[in-house]
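One file, input_5.txt, carrying compact mmCIF, C-alpha atoms:
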# COMPACT_ATOMS: atom_id res chain seq x y z
CA MET J 1 104.00 93.44 128.25
CA ASP J 2 103.37 90.10 129.85
CA LEU J 3 102.28 87.46 127.28
CA GLY J 4 100.06 85.71 129.81
CA ARG J 5 98.14 88.92 130.44
CA LEU J 6 97.79 89.52 126.69
CA ARG J 7 96.37 86.00 126.29
CA THR J 8 93.91 86.72 129.11
CA LEU J 9 92.82 89.92 127.37
CA ARG J 10 92.32 88.05 124.09
CA GLU J 11 90.27 85.33 125.77
CA PHE J 12 88.10 88.00 127.40
CA ALA J 13 87.64 89.69 124.00
CA ASP J 14 86.78 86.40 122.28
CA ARG J 15 84.32 85.21 124.91
CA GLY J 16 82.75 88.44 126.11
CA SER J 17 82.83 87.87 129.85
CA VAL J 18 85.25 87.32 132.72
CA THR J 19 83.50 84.09 133.70
CA ALA J 20 83.72 82.59 130.19
CA ALA J 21 87.37 83.60 129.89
CA ALA J 22 88.10 81.98 133.26
CA ARG J 23 86.52 78.71 132.10
CA ALA J 24 88.66 78.74 128.95
CA LEU J 25 91.82 79.48 130.91
CA HIS J 26 91.00 76.96 133.66
CA CYS J 27 91.26 79.54 136.43
CA THR J 28 88.94 81.60 138.61
CA PRO J 29 87.11 84.75 137.48
CA SER J 30 89.00 86.69 140.16
CA ALA J 31 92.31 85.57 138.61
CA VAL J 32 91.15 86.83 135.21
CA SER J 33 90.08 90.16 136.73
CA GLN J 34 93.44 90.44 138.46
CA GLN J 35 95.30 89.81 135.19
CA LEU J 36 93.21 92.43 133.38
CA ARG J 37 93.83 94.99 136.15
CA ALA J 38 97.57 94.25 136.09
CA LEU J 39 97.70 94.72 132.32
CA GLN J 40 95.71 97.94 132.64
CA SER J 41 98.22 99.24 135.19
CA GLU J 42 101.07 98.17 132.93
CA VAL J 43 99.82 100.14 129.92
CA GLY J 44 98.47 103.07 131.95
CA LEU J 45 95.09 103.16 130.19
CA PRO J 46 91.62 101.78 131.01
CA LEU J 47 91.12 98.63 128.96
CA THR J 48 87.68 97.67 130.26
CA GLU J 49 84.62 99.52 131.51
CA PRO J 50 81.39 98.49 133.28
CA ALA J 51 78.55 97.22 131.07
CA GLY J 52 75.49 96.13 133.05
CA ARG J 53 76.67 93.45 135.46
CA GLY J 54 79.80 92.73 133.45
CA LEU J 55 82.62 94.42 131.60
CA ARG J 56 83.31 95.39 128.02
CA LEU J 57 86.43 96.56 126.22
CA THR J 58 87.18 100.24 125.85
CA ASP J 59 88.46 101.62 122.56
CA ALA J 60 91.98 101.29 123.95
CA GLY J 61 91.21 97.71 124.97
CA ARG J 62 90.00 96.81 121.48
CA ALA J 63 93.11 98.38 119.94
CA LEU J 64 95.35 96.40 122.27
CA VAL J 65 93.49 93.16 121.47
CA ALA J 66 94.28 93.68 117.79
CA ARG J 67 97.94 94.18 118.64
CA ALA J 68 97.86 91.25 121.03
CA ASP J 69 96.67 89.08 118.15
CA GLU J 70 99.69 90.22 116.14
CA VAL J 71 102.09 89.51 119.01
CA LEU J 72 100.63 86.08 119.77
CA ALA J 73 100.43 85.26 116.05
CA ALA J 74 104.12 86.14 115.77
CA LEU J 75 104.84 83.76 118.64
CA GLU J 76 102.79 81.07 116.89
CA ARG J 77 104.73 81.73 113.68
CA ALA J 78 107.98 81.24 115.54
CA GLU J 79 106.71 77.95 116.93
CA SER J 80 105.47 76.96 113.47
CA GLU J 81 108.82 77.71 111.89
CA LEU J 82 110.36 75.26 114.33
CA ASP J 83 107.73 72.72 113.28
CA THR J 84 108.79 73.06 109.64
CA TYR J 85 112.11 71.45 110.53
CA ARG J 86 110.22 68.22 111.06
CA SER J 87 109.68 66.00 108.03
CA ALA J 88 105.88 65.91 108.43
CA PRO J 89 103.12 67.79 110.28
CA ARG J 90 102.85 66.67 113.88
CA GLY J 91 100.61 67.29 116.85
CA ARG J 92 96.90 67.41 117.62
CA VAL J 93 94.45 69.57 115.68
CA ARG J 94 91.10 70.36 117.32
CA ILE J 95 88.19 70.44 114.85
CA ALA J 96 84.56 71.51 115.28
CA ILE J 97 82.31 70.40 112.44
CA PHE J 98 78.56 70.65 111.90
CA GLN J 99 76.76 67.32 111.72
CA SER J 100 75.96 66.90 108.03
CA ALA J 101 79.48 67.98 107.04
CA GLY J 102 80.78 65.39 109.48
CA LEU J 103 78.64 62.78 107.75
CA MET J 104 79.95 63.90 104.36
CA LEU J 105 83.63 64.56 105.08
CA LEU J 106 84.75 63.03 108.36
CA PRO J 107 85.19 59.34 107.41
CA GLY J 108 87.48 60.24 104.51
CA LEU J 109 89.32 62.92 106.48
CA LEU J 110 90.16 60.52 109.30
CA THR J 111 91.43 57.98 106.77
CA ARG J 112 93.66 60.62 105.19
CA VAL J 113 95.02 61.87 108.52
CA ALA J 114 95.82 58.30 109.58
CA GLY J 115 98.48 58.28 106.86
CA TYR J 116 100.60 60.85 108.74
CA ASP J 117 102.76 59.71 111.63
CA GLY J 118 102.37 62.00 114.60
CA LEU J 119 99.35 63.90 113.26
CA GLU J 120 96.09 63.53 115.20
CA VAL J 121 92.70 65.20 115.06
CA ASP J 122 90.28 65.68 117.93
CA VAL J 123 86.81 66.19 116.41
CA ARG J 124 83.58 67.43 117.97
CA ASP J 125 80.26 67.66 116.12
CA VAL J 126 78.64 71.00 116.92
CA ASP J 127 75.16 72.17 115.94
CA MET J 128 76.32 75.68 115.03
CA THR J 129 74.74 78.80 113.61
CA PRO J 130 76.92 81.26 111.65
CA ALA J 131 76.76 83.72 114.56
CA GLU J 132 78.39 81.15 116.85
CA VAL J 133 81.39 80.46 114.61
CA PRO J 134 83.73 83.25 115.87
CA GLY J 135 83.27 82.02 119.44
CA LEU J 136 84.02 78.43 118.40
CA VAL J 137 87.27 79.54 116.77
CA ALA J 138 88.42 80.51 120.26
CA ASP J 139 88.17 76.84 121.30
CA TYR J 140 89.13 74.96 118.11
CA ASP J 141 91.98 75.11 115.61
CA VAL J 142 89.60 74.58 112.67
CA VAL J 143 85.84 75.14 112.54
CA VAL J 144 84.02 73.63 109.55
CA ALA J 145 81.06 75.98 109.24
CA HIS J 146 78.19 76.60 106.84
CA ARG J 147 76.10 79.58 105.79
CA ASP J 148 73.58 80.64 103.16
CA GLU J 149 75.51 81.72 100.07
CA HIS J 150 73.62 85.05 100.17
CA ALA J 151 74.50 85.66 103.83
CA PRO J 152 77.33 88.01 104.87
CA GLU J 153 80.82 86.57 105.07
CA PHE J 154 82.48 85.94 108.41
CA GLY J 155 83.72 89.52 108.51
CA SER J 156 86.64 89.79 110.90
CA ASN J 157 90.32 90.42 110.31
CA ARG J 158 90.91 88.01 113.18
CA LEU J 159 89.49 85.09 111.18
CA GLU J 160 90.81 83.30 108.11
CA VAL J 161 88.21 81.59 105.92
CA VAL J 162 89.08 78.80 103.47
CA PRO J 163 86.27 77.93 101.01
CA LEU J 164 85.60 74.19 100.83
CA LEU J 165 82.35 73.61 98.99
CA ARG J 166 79.27 75.20 97.49
CA GLU J 167 76.61 72.58 98.18
CA PRO J 168 73.29 72.97 96.35
CA LEU J 169 70.13 72.48 98.37
CA ASP J 170 67.55 70.33 96.61
CA VAL J 171 63.91 69.73 97.40
CA ALA J 172 63.49 66.38 99.14
CA LEU J 173 60.27 64.66 98.10
CA PRO J 174 58.70 61.30 98.94
CA ALA J 175 59.27 58.83 96.09
CA GLY J 176 55.54 58.77 95.32
CA HIS J 177 55.09 62.55 95.25
CA ARG J 178 53.24 64.08 92.28
CA LEU J 179 56.41 65.98 91.28
CA ALA J 180 58.91 63.19 91.89
CA SER J 181 59.16 62.34 88.19
CA ARG J 182 60.19 65.87 87.24
CA ARG J 183 63.83 66.74 86.58
CA ARG J 184 63.32 70.11 88.28
CA VAL J 185 60.47 71.68 90.23
CA GLU J 186 59.23 75.26 90.38
CA LEU J 187 58.86 76.82 93.83
CA PRO J 188 55.28 78.04 93.13
CA GLU J 189 54.32 74.39 92.50
CA LEU J 190 55.20 73.73 96.16
CA ALA J 191 53.16 76.59 97.59
CA ASP J 192 50.61 74.30 99.24
CA GLU J 193 53.11 71.79 100.59
CA ARG J 194 53.96 71.22 104.25
CA TRP J 195 57.65 71.90 104.89
CA ILE J 196 60.08 70.45 107.41
CA SER J 197 62.84 72.99 108.12
CA VAL J 198 65.58 73.44 110.73
CA ASP J 199 65.64 75.70 113.77
CA PHE J 200 65.67 79.46 113.31
CA GLY J 201 69.09 80.91 112.51
CA PHE J 202 70.54 77.81 110.84
CA PRO J 203 71.63 78.11 107.20
CA VAL J 204 68.99 75.88 105.60
CA ASP J 205 66.23 77.92 107.22
CA ASP J 206 68.02 81.09 106.10
CA VAL J 207 67.89 79.78 102.50
CA LEU J 208 64.20 78.95 102.79
CA ARG J 209 63.44 82.42 104.13
CA SER J 210 65.50 84.09 101.40
CA LEU J 211 63.54 82.12 98.80
CA THR J 212 60.38 83.52 100.36
CA ILE J 213 61.67 87.07 99.94
CA ARG J 214 62.82 86.51 96.36
CA THR J 215 59.74 84.63 95.07
CA GLY J 216 56.86 85.74 97.31
CA VAL J 217 55.99 82.08 98.03
CA ARG J 218 55.78 81.60 101.80
CA PRO J 219 56.39 77.96 102.82
CA VAL J 220 54.22 76.47 105.55
CA VAL J 221 56.69 75.01 108.06
CA VAL J 222 55.10 72.28 110.18
CA GLN J 223 58.20 70.84 111.90
CA ARG J 224 61.71 72.08 112.73
CA ILE J 225 64.25 69.25 112.93
CA ASN J 226 68.02 69.82 112.91
CA ASP J 227 68.99 66.20 112.27
CA PHE J 228 68.78 65.67 108.49
CA ARG J 229 68.53 61.90 108.87
CA ILE J 230 65.32 62.33 110.87
CA THR J 231 64.03 64.81 108.28
CA GLU J 232 64.74 62.31 105.49
CA ARG J 233 62.67 59.65 107.20
CA LEU J 234 59.81 62.07 107.83
CA VAL J 235 59.82 63.15 104.18
CA ALA J 236 59.94 59.54 102.98
CA ALA J 237 56.95 58.78 105.23
CA GLY J 238 54.96 61.62 103.64
CA HIS J 239 54.93 64.06 106.56
CA GLY J 240 56.25 66.98 104.52
CA ILE J 241 58.96 68.10 102.11
CA ALA J 242 62.28 69.77 102.85
CA LEU J 243 65.34 71.54 101.50
CA LEU J 244 68.29 69.20 102.01
CA PRO J 245 71.97 69.32 100.97
CA ARG J 246 72.58 67.43 97.73
CA TYR J 247 75.71 65.48 98.64
CA THR J 248 74.48 64.12 101.95
CA MET J 249 70.85 63.39 101.08
CA ASP J 250 70.15 59.64 100.97
CA THR J 251 68.41 59.08 97.63
CA ARG J 252 69.63 55.52 97.16
CA ARG J 253 67.21 52.95 95.78
CA GLY J 254 64.83 51.92 98.53
CA SER J 255 65.28 55.07 100.62
CA GLY J 256 61.81 56.31 99.66
CA LEU J 257 63.30 59.72 98.92
CA VAL J 258 64.10 61.71 95.78
CA GLY J 259 65.92 65.02 95.47
CA ARG J 260 65.04 67.57 92.80
CA PRO J 261 66.68 70.95 92.04
CA LEU J 262 64.58 74.10 92.15
CA ALA J 263 64.14 75.51 88.63
CA GLY J 264 65.49 79.00 88.02
CA ILE J 265 66.70 79.50 91.61
CA ARG J 266 70.17 79.26 93.09
CA ALA J 267 69.76 77.67 96.51
CA ALA J 268 72.94 76.54 98.24
CA ARG J 269 74.97 76.66 101.39
CA LEU J 270 78.67 77.43 101.56
CA VAL J 271 80.88 75.09 103.56
CA GLU J 272 84.03 76.79 104.84
CA ALA J 273 86.97 76.07 107.13
CA VAL J 274 87.40 78.93 109.60
CA CYS J 275 90.43 79.46 111.84
CA ARG J 276 92.26 82.22 113.64
CA THR J 277 94.44 84.43 111.48
CA GLY J 278 97.90 82.88 111.40
CA ALA J 279 96.76 79.39 112.48
CA ARG J 280 97.49 77.90 109.05
CA ARG J 281 101.16 78.69 109.55
CA ARG J 282 101.18 75.72 111.88
CA PRO J 283 101.94 72.77 109.56
CA ALA J 284 99.49 70.41 111.25
CA VAL J 285 96.58 72.83 110.82
CA ALA J 286 97.54 73.59 107.22
CA GLN J 287 97.72 69.87 106.41
CA VAL J 288 94.31 69.12 107.93
CA ILE J 289 92.73 71.91 105.88
CA GLU J 290 94.42 70.58 102.72
CA GLU J 291 93.07 67.11 103.45
CA LEU J 292 89.58 68.58 103.89
CA ARG J 293 89.92 70.24 100.49
CA ALA J 294 91.13 66.98 98.95
CA GLU J 295 88.17 65.10 100.41
CA VAL J 296 85.76 67.70 98.99
CA ALA J 297 87.44 67.46 95.56
CA GLN J 298 86.99 63.69 95.56
CA LEU J 299 83.37 64.02 96.67
CA THR J 300 82.45 66.44 93.88
CA ALA J 301 84.57 64.92 91.08
Entire entry expressed as structure tokens:
Amino acid sequence: MDLGRLRTLREFADRGSVTAAARALHCTPSAVSQQLRALQSEVGLPLTEPAGRGLRLTDAGRALVARADEVLAALERAESELDTYRSAPRGRVRIAIFQSAGLMLLPGLLTRVAGYDGLEVDVRDVDMTPAEVPGLVADYDVVVAHRDEHAPEFGSNRLEVVPLLREPLDVALPAGHRLASRRRVELPELADERWISVDFGFPVDDVLRSLTIRTGVRPVVVQRINDFRITERLVAAGHGIALLPRYTMDTRRGSGLVGRPLAGIRAARLVEAVCRTGARRRPAVAQVIEELRAEVAQLTA
């Protein structure tokens, strides 16, 4: 089977539409359709079927995608084995990272990568929900993602997940708040507070909603802001309280902000590096992930 057609099929499977696959492959939708039809003729089975205005994979199509992954992964392994003959990882690694992880990890990561001749990283900050991560893996070599620790794992045999960090979420309070002097606070003590959360579907909001289910205390959310630096300033100014990640929250002297753990409740997000199965066999990708892990270890030491 033609490798180019298998790649087209995989892009269609990853992105869900002919148009999106065409954008990724830098060609026209008609060219993608032609490649899919040619592959279908080659295997002698229908690989796609109509679904509304678009197409979806048939059972045979899904089976072939799984095998295509194996074939293309084998090709990547062959290329990676050639890379191992070099003395150090080389090439460009594309990274998508959510904003607060970028704030926490990116300065150190870039410093570490600068120590390798021929290794480069191309980073984009992406405001991602867990549901969007598999699609991002189609565009990036490494996706630094986050999810509520009680949420389902990224469940796909086409993804490899490397744990980086369990980051507790603390309650951010204005420095003059009635509970700011406590070492820990109870969630029922915050029942009448105004909360600043993030948009629906993002991990911090998932944690807040799971706390509601587990404790029966329903927070009153007055604002939804995805930029934690804005949230910090709003909390410091007395416009509400928030759940914020411990290692990136600015609680330095003069910030007007204090962070306090919730008593008796495990509230955290998991930070993970997600890539396609087999991608870590490429030395450059493996080295970048190791440097991410080293940066996390230094941060939490």
Suppose you want the space between atom CA of J:His177 and atom CA of J:Glu189; what is it in Å?
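Separation between atom CA of J:His177 and atom CA of J:Glu189: 12.2 Å.
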Nearest residue to J:Phe202 from the set J:Thr48, J:Gln35, J:Thr129, J:Ser156 (distances using all atoms listed in the file)
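Closest residue, counting all atoms listed in the file: J:Thr129.
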One decimal place gives the atom CA of J:Gln298-atom CA of J:Leu109 separation as 11.2 Å
Please list as a VMD selection string every residue within 10 Å of J:Ala286, counting only C-alpha atoms and excluding residues in the same chain fewer than 5 positions away.
chain J and resid 89 93 142 279 to 281 291 to 292
Using all atoms listed in the file, pick whichever of J:Val296, J:Phe228, J:Asp192, J:Leu173 has the shortest atom-to-atom distance to J:Pro261.
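Under the stated criterion, the closest residue is J:Leu173.
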Taking (78.9, 75.4, 110.5) in the file's coordinates as the center, which residues reach within 9 Å of it, counting only C-alpha atoms, put as a compact mmCIF listing (two decimals) with C-alpha atoms, in the coordinates of the input?
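Listing of out_30.txt after writing:
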# COMPACT_ATOMS: atom_id res chain seq x y z
CA ALA J 96 84.56 71.51 115.28
CA ILE J 97 82.31 70.40 112.44
CA PHE J 98 78.56 70.65 111.90
CA GLN J 99 76.76 67.32 111.72
CA ALA J 101 79.48 67.98 107.04
CA VAL J 126 78.64 71.00 116.92
CA ASP J 127 75.16 72.17 115.94
CA MET J 128 76.32 75.68 115.03
CA THR J 129 74.74 78.80 113.61
CA PRO J 130 76.92 81.26 111.65
CA GLU J 132 78.39 81.15 116.85
CA VAL J 133 81.39 80.46 114.61
CA VAL J 143 85.84 75.14 112.54
CA VAL J 144 84.02 73.63 109.55
CA ALA J 145 81.06 75.98 109.24
CA HIS J 146 78.19 76.60 106.84
CA ARG J 147 76.10 79.58 105.79
CA PHE J 202 70.54 77.81 110.84
CA PRO J 203 71.63 78.11 107.20
CA VAL J 271 80.88 75.09 103.56
CA GLU J 272 84.03 76.79 104.84
CA ALA J 273 86.97 76.07 107.13
J:Arg293, J:Arg77, J:Arg158, J:Arg253: which is nearest J:Cys275, counting all atoms listed in the file?
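Checking each candidate against J:Cys275, we get J:Arg158 as the closest.
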Atom CA of J:Leu169 to atom CA of J:Thr215 measures 16.3 Å
At a cut-off of 12 Å around the point (101.8, 81.4, 120.4) (file coordinates), what residues fall inside when counting all atoms listed in the file? I'd like the answer as a PDB file with C-alpha atoms, in the coordinates of the input.
ATOM      1  CA  LEU J   3     102.280  87.460 127.280  1.00  0.00           C
ATOM      2  CA  GLY J   4     100.060  85.710 129.810  1.00  0.00           C
ATOM      3  CA  LEU J   6      97.790  89.520 126.690  1.00  0.00           C
ATOM      4  CA  ARG J   7      96.370  86.000 126.290  1.00  0.00           C
ATOM      5  CA  ALA J  68      97.860  91.250 121.030  1.00  0.00           C
ATOM      6  CA  ASP J  69      96.670  89.080 118.150  1.00  0.00           C
ATOM      7  CA  GLU J  70      99.690  90.220 116.140  1.00  0.00           C
ATOM      8  CA  VAL J  71     102.090  89.510 119.010  1.00  0.00           C
ATOM      9  CA  LEU J  72     100.630  86.080 119.770  1.00  0.00           C
ATOM     10  CA  ALA J  73     100.430  85.260 116.050  1.00  0.00           C
ATOM     11  CA  ALA J  74     104.120  86.140 115.770  1.00  0.00           C
ATOM     12  CA  LEU J  75     104.840  83.760 118.640  1.00  0.00           C
ATOM     13  CA  GLU J  76     102.790  81.070 116.890  1.00  0.00           C
ATOM     14  CA  ARG J  77     104.730  81.730 113.680  1.00  0.00           C
ATOM     15  CA  ALA J  78     107.980  81.240 115.540  1.00  0.00           C
ATOM     16  CA  GLU J  79     106.710  77.950 116.930  1.00  0.00           C
ATOM     17  CA  SER J  80     105.470  76.960 113.470  1.00  0.00           C
ATOM     18  CA  GLU J  81     108.820  77.710 111.890  1.00  0.00           C
ATOM     19  CA  ARG J 276      92.260  82.220 113.640  1.00  0.00           C
ATOM     20  CA  THR J 277      94.440  84.430 111.480  1.00  0.00           C
ATOM     21  CA  GLY J 278      97.900  82.880 111.400  1.00  0.00           C
ATOM     22  CA  ALA J 279      96.760  79.390 112.480  1.00  0.00           C
ATOM     23  CA  ARG J 281     101.160  78.690 109.550  1.00  0.00           C
ATOM     24  CA  ARG J 282     101.180  75.720 111.880  1.00  0.00           C
TER      25      ARG J 282
END
Please list as a ChimeraX atom specification every residue within 7 Å of J:Leu119, counting only C-alpha atoms and excluding residues in the same chain fewer than 3 positions away.
/J:89-92,113,116,284
Determine, counting only C-alpha atoms, which protein, DNA and RNA residues have an atom within 12 Å of an atom of J:Leu9; residues of the same chain fewer than 5 positions away are not included. Present the result as a compact mmCIF listing (two decimals) with C-alpha atoms, in the coordinates of the input.
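Below is the file result_5.txt, written as the result:
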# COMPACT_ATOMS: atom_id res chain seq x y z
CA MET J 1 104.00 93.44 128.25
CA ASP J 2 103.37 90.10 129.85
CA LEU J 3 102.28 87.46 127.28
CA GLY J 4 100.06 85.71 129.81
CA ASP J 14 86.78 86.40 122.28
CA ARG J 15 84.32 85.21 124.91
CA GLY J 16 82.75 88.44 126.11
CA SER J 17 82.83 87.87 129.85
CA VAL J 18 85.25 87.32 132.72
CA ALA J 21 87.37 83.60 129.89
CA ALA J 22 88.10 81.98 133.26
CA LEU J 25 91.82 79.48 130.91
CA VAL J 32 91.15 86.83 135.21
CA SER J 33 90.08 90.16 136.73
CA GLN J 34 93.44 90.44 138.46
CA GLN J 35 95.30 89.81 135.19
CA LEU J 36 93.21 92.43 133.38
CA ARG J 37 93.83 94.99 136.15
CA ALA J 38 97.57 94.25 136.09
CA LEU J 39 97.70 94.72 132.32
CA GLN J 40 95.71 97.94 132.64
CA LEU J 47 91.12 98.63 128.96
CA THR J 48 87.68 97.67 130.26
CA LEU J 55 82.62 94.42 131.60
CA ARG J 56 83.31 95.39 128.02
CA LEU J 57 86.43 96.56 126.22
CA THR J 58 87.18 100.24 125.85
CA ALA J 60 91.98 101.29 123.95
CA GLY J 61 91.21 97.71 124.97
CA ARG J 62 90.00 96.81 121.48
CA ALA J 63 93.11 98.38 119.94
CA LEU J 64 95.35 96.40 122.27
CA VAL J 65 93.49 93.16 121.47
CA ALA J 66 94.28 93.68 117.79
CA ARG J 67 97.94 94.18 118.64
CA ALA J 68 97.86 91.25 121.03
CA ASP J 69 96.67 89.08 118.15
CA LEU J 72 100.63 86.08 119.77
